[in-house]
Amino acid sequence: MKALPKSLKNAISALQGLPGLGEKSATRIAMYLLDSPQERVKEFCDALLKMKQSIRRCRDCFHLSDDDLCPVCSDPARDPQQICVVETTSDLLSIEQADFFKGRYHVLGGTLDPINNISPEDLTIPQLLDRIKRDRVKEIIIATNPTQQGEATAHYLVEVLKEFPVTVTRIGVGIPMGGDLKYIDPVTIRLALEARRSFP
Ligand SMILES: [Zn+2]
């Protein structure tokens with residue numbers, strides 16, 4: 001794009017590095033910012049920088065946080081004796097969006113993966129065990145994803161947690177709402193049958 005001034009070209013290529021933004025969208029956003037008042041653009045940049053400087057991991061659950069404790073861990077209404085174990089912060093946010101779970105979380109930071117040398121100590125599993133002891137946790141809900149690594153991590157946790165007086169449950173996996181059995185893969189159907197329950 002020879003016709004573009006250098007500074008605009010730089011802005012476009014910076015935006016283009018963001019996930020989901022191709023050259024066209026990046027150009028559209030750059031043009032939009034160019035047409036916006038200086039103050040708006042400054043606010044936008046400041047917000048990004050502030051986020052980058054401020055965000056760290058919560059001391060207890062490893063969710064993202066501006067402070068020592070994240071908004072979930074510092075909420076007294078959330079039950080500290082019920083912990084939902086997730087792989088990532090994005091998984092945590094998905095569960096929060098459902099607005100149903102009233103316990104707390106523990107973000108593992110990934111899954112066990114022997115091929116890539118990811119062991120329990122590389123995840124936050126030791127810290128989870130410390131929390132269970134400290135807060136006398138009653139229930140652990142394992143909400144790792146139904147992938148090979150997610151299942152392996154769930155099985156590992158079940159084994160380790162046998163030493164503790166906690167109830168260990170696994171989130172159900174099955175047919176999505178609005179789904180159609182015709183189009184569901186056999187593994188999902190098998191898991192859905194395993195997770196079947198009686199009508200209340
Ligand atoms: Zn937290």
# chains A, B, ... in the order shown; residues from 1 in each chain; ligands from 1
$ select_by_dssp --residues "range 75-195 of chain A" --states "strand (DSSP E)" --output "VMD selection string"
chain A and resid 79 to 86 103 to 107 139 to 142 167 to 170
$ write_last_selection --atoms "N, CA and C atoms" --output "PDB file, in the first residue's frame"
ATOM      1  N   ASP A  79     -18.996 -18.602  48.021  1.00  0.00           N
ATOM      2  CA  ASP A  79     -18.646 -19.664  48.961  1.00  0.00           C
ATOM      3  C   ASP A  79     -17.189 -20.137  48.781  1.00  0.00           C
ATOM      4  N   PRO A  80     -16.328 -19.905  49.805  1.00  0.00           N
ATOM      5  CA  PRO A  80     -14.924 -20.320  49.654  1.00  0.00           C
ATOM      6  C   PRO A  80     -14.726 -21.830  49.786  1.00  0.00           C
ATOM      7  N   GLN A  81     -15.782 -22.546  50.181  1.00  0.00           N
ATOM      8  CA  GLN A  81     -15.624 -23.994  50.368  1.00  0.00           C
ATOM      9  C   GLN A  81     -16.097 -24.804  49.160  1.00  0.00           C
ATOM     10  N   GLN A  82     -16.446 -24.091  48.093  1.00  0.00           N
ATOM     11  CA  GLN A  82     -16.807 -24.768  46.849  1.00  0.00           C
ATOM     12  C   GLN A  82     -15.955 -24.145  45.736  1.00  0.00           C
ATOM     13  N   ILE A  83     -15.092 -24.968  45.148  1.00  0.00           N
ATOM     14  CA  ILE A  83     -14.162 -24.428  44.154  1.00  0.00           C
ATOM     15  C   ILE A  83     -14.353 -25.122  42.811  1.00  0.00           C
ATOM     16  N   CYS A  84     -14.497 -24.308  41.787  1.00  0.00           N
ATOM     17  CA  CYS A  84     -14.617 -24.821  40.424  1.00  0.00           C
ATOM     18  C   CYS A  84     -13.248 -24.663  39.748  1.00  0.00           C
ATOM     19  N   VAL A  85     -12.665 -25.777  39.345  1.00  0.00           N
ATOM     20  CA  VAL A  85     -11.323 -25.757  38.762  1.00  0.00           C
ATOM     21  C   VAL A  85     -11.422 -25.644  37.243  1.00  0.00           C
ATOM     22  N   VAL A  86     -10.822 -24.585  36.691  1.00  0.00           N
ATOM     23  CA  VAL A  86     -10.865 -24.373  35.238  1.00  0.00           C
ATOM     24  C   VAL A  86      -9.444 -24.291  34.674  1.00  0.00           C
ATOM     25  N   GLY A 103     -19.812 -20.371  43.934  1.00  0.00           N
ATOM     26  CA  GLY A 103     -18.592 -20.675  44.673  1.00  0.00           C
ATOM     27  C   GLY A 103     -17.430 -19.850  44.130  1.00  0.00           C
ATOM     28  N   ARG A 104     -16.215 -20.349  44.357  1.00  0.00           N
ATOM     29  CA  ARG A 104     -15.034 -19.649  43.843  1.00  0.00           C
ATOM     30  C   ARG A 104     -14.348 -20.522  42.808  1.00  0.00           C
ATOM     31  N   TYR A 105     -13.282 -19.994  42.238  1.00  0.00           N
ATOM     32  CA  TYR A 105     -12.609 -20.695  41.143  1.00  0.00           C
ATOM     33  C   TYR A 105     -11.163 -21.012  41.491  1.00  0.00           C
ATOM     34  N   HIS A 106     -10.576 -21.869  40.653  1.00  0.00           N
ATOM     35  CA  HIS A 106      -9.125 -22.030  40.673  1.00  0.00           C
ATOM     36  C   HIS A 106      -8.681 -22.207  39.218  1.00  0.00           C
ATOM     37  N   VAL A 107      -7.850 -21.261  38.744  1.00  0.00           N
ATOM     38  CA  VAL A 107      -7.400 -21.306  37.354  1.00  0.00           C
ATOM     39  C   VAL A 107      -6.075 -22.070  37.288  1.00  0.00           C
ATOM     40  N   GLU A 139     -16.228 -28.982  48.386  1.00  0.00           N
ATOM     41  CA  GLU A 139     -16.473 -29.550  47.059  1.00  0.00           C
ATOM     42  C   GLU A 139     -15.553 -28.948  46.006  1.00  0.00           C
ATOM     43  N   ILE A 140     -15.009 -29.847  45.179  1.00  0.00           N
ATOM     44  CA  ILE A 140     -14.218 -29.415  44.023  1.00  0.00           C
ATOM     45  C   ILE A 140     -14.977 -29.839  42.774  1.00  0.00           C
ATOM     46  N   ILE A 141     -15.296 -28.859  41.936  1.00  0.00           N
ATOM     47  CA  ILE A 141     -15.955 -29.166  40.668  1.00  0.00           C
ATOM     48  C   ILE A 141     -14.890 -29.064  39.577  1.00  0.00           C
ATOM     49  N   ILE A 142     -14.597 -30.166  38.932  1.00  0.00           N
ATOM     50  CA  ILE A 142     -13.559 -30.130  37.897  1.00  0.00           C
ATOM     51  C   ILE A 142     -14.209 -29.742  36.571  1.00  0.00           C
ATOM     52  N   THR A 167     -15.658 -33.592  48.362  1.00  0.00           N
ATOM     53  CA  THR A 167     -16.462 -34.224  47.317  1.00  0.00           C
ATOM     54  C   THR A 167     -15.927 -33.714  45.986  1.00  0.00           C
ATOM     55  N   VAL A 168     -15.608 -34.627  45.089  1.00  0.00           N
ATOM     56  CA  VAL A 168     -15.102 -34.204  43.787  1.00  0.00           C
ATOM     57  C   VAL A 168     -16.146 -34.517  42.722  1.00  0.00           C
ATOM     58  N   THR A 169     -16.530 -33.478  41.968  1.00  0.00           N
ATOM     59  CA  THR A 169     -17.491 -33.692  40.890  1.00  0.00           C
ATOM     60  C   THR A 169     -16.886 -33.195  39.583  1.00  0.00           C
ATOM     61  N   ARG A 170     -17.472 -33.653  38.485  1.00  0.00           N
ATOM     62  CA  ARG A 170     -16.988 -33.247  37.165  1.00  0.00           C
ATOM     63  C   ARG A 170     -18.165 -32.609  36.445  1.00  0.00           C
TER      64      ARG A 170
END
$ select_by_dssp --residues "range 79-195 of chain A" --states "helix (DSSP H, G or I)" --output "ChimeraX atom specification"
/A:89-97,114-116,120-122,125-134,148-161,181-183,186-194
$ residues_near_ligand --ligand "ligand 1" --cutoff "8 Å" --atoms "only C-alpha atoms and all ligand atoms" --output "list in words"
Arg57, Cys58, Arg59, Asp60, Cys61, Phe62, His63, Leu64, Ser65, Leu69, Cys70, Pro71, Val72, Cys73, Ser74, Arg104, Tyr105 and His106 of chain A
$ residues_around --residues "Arg196 in chain A" --least-positions-apart "2" --cutoff "12 Å" --atoms "only C-alpha atoms" --output "list of chain:residue names"
A:Gly172, A:Val173, A:Gly174, A:Ile175, A:Ile189, A:Arg190, A:Leu191, A:Ala192, A:Leu193, A:Glu194, A:Ser198, A:Phe199
$ write_last_selection --atoms "C-alpha atoms" --output "PDB file, in the first residue's frame"
ATOM      1  CA  GLY A 172     -21.462 -32.716  32.747  1.00  0.00           C
ATOM      2  CA  VAL A 173     -20.597 -32.975  29.086  1.00  0.00           C
ATOM      3  CA  GLY A 174     -23.200 -33.628  26.479  1.00  0.00           C
ATOM      4  CA  ILE A 175     -25.632 -32.409  23.887  1.00  0.00           C
ATOM      5  CA  ILE A 189     -23.118 -38.921  22.621  1.00  0.00           C
ATOM      6  CA  ARG A 190     -21.232 -41.468  24.726  1.00  0.00           C
ATOM      7  CA  LEU A 191     -20.327 -38.793  27.325  1.00  0.00           C
ATOM      8  CA  ALA A 192     -23.921 -37.521  27.335  1.00  0.00           C
ATOM      9  CA  LEU A 193     -25.177 -41.044  28.037  1.00  0.00           C
ATOM     10  CA  GLU A 194     -22.635 -41.453  30.827  1.00  0.00           C
ATOM     11  CA  SER A 198     -33.142 -38.955  36.303  1.00  0.00           C
ATOM     12  CA  PHE A 199     -35.850 -36.347  35.964  1.00  0.00           C
TER      13      PHE A 199
END
$ atom_distance --atom1 "CA of Glu151 in chain A" --atom2 "CA of Gly109 in chain A"
15.1 Å
$ atom_distance --atom1 "CA of Gly17 in chain A" --atom2 "CA of Asn145 in chain A"
27.6 Å
$ closest_residue --among "A:Leu49, A:Ile125, A:Leu157, A:Ala143" --to "Ser94 in chain A" --atoms "only C-alpha atoms"
A:Ala143
$ residues_around --residues "range 2-16 of chain A" --least-positions-apart "2" --cutoff "6 Å" --atoms "only C-alpha atoms" --output "number ranges by chain"
A: 18, 21-23, 26-27, 30
$ atom_distance --atom1 "CA of Lys52 in chain A" --atom2 "CA of Thr89 in chain A"
15.8 Å
$ closest_residue --among "A:Thr88, A:Met51, A:Asp66, A:Lys138" --to "Thr124 in chain A" --atoms "only C-alpha atoms"
A:Thr88
$ residues_around --residues "Leu112 in chain A" --least-positions-apart "5" --cutoff "8 Å" --atoms "only C-alpha atoms" --output "ChimeraX atom specification"
/A:118-120,123,149-150,152-153
$ residues_around --residues "Glu121 in chain A" --least-positions-apart "6" --cutoff "12 Å" --atoms "only C-alpha atoms" --output "VMD selection string"
chain A and resid 108 to 113 127 to 129
$ write_last_selection --atoms "N, CA and C atoms" --output "tab-separated table (two decimals), in the first residue's frame"
chain	number	residue	atom	x	y	z
A	108	LEU	N	-6.09	-23.19	36.59
A	108	LEU	CA	-4.90	-24.06	36.54
A	108	LEU	C	-3.77	-23.47	35.70
A	109	GLY	N	-4.15	-22.68	34.70
A	109	GLY	CA	-3.13	-22.14	33.79
A	109	GLY	C	-2.77	-23.12	32.69
A	110	GLY	N	-3.68	-24.03	32.37
A	110	GLY	CA	-3.43	-24.98	31.28
A	110	GLY	C	-3.85	-26.38	31.69
A	111	THR	N	-3.28	-27.36	30.98
A	111	THR	CA	-3.58	-28.76	31.29
A	111	THR	C	-2.27	-29.53	31.38
A	112	LEU	N	-2.34	-30.68	32.02
A	112	LEU	CA	-1.17	-31.56	32.06
A	112	LEU	C	-0.90	-32.03	30.63
A	113	ASP	N	0.36	-32.10	30.29
A	113	ASP	CA	0.70	-32.47	28.92
A	113	ASP	C	2.12	-33.05	28.90
A	127	GLN	N	-0.91	-25.08	44.65
A	127	GLN	CA	-1.62	-23.99	45.33
A	127	GLN	C	-3.08	-24.37	45.59
A	128	LEU	N	-3.64	-25.18	44.68
A	128	LEU	CA	-5.02	-25.64	44.88
A	128	LEU	C	-5.10	-26.51	46.14
A	129	LEU	N	-4.13	-27.40	46.29
A	129	LEU	CA	-4.13	-28.29	47.45
A	129	LEU	C	-3.98	-27.48	48.74
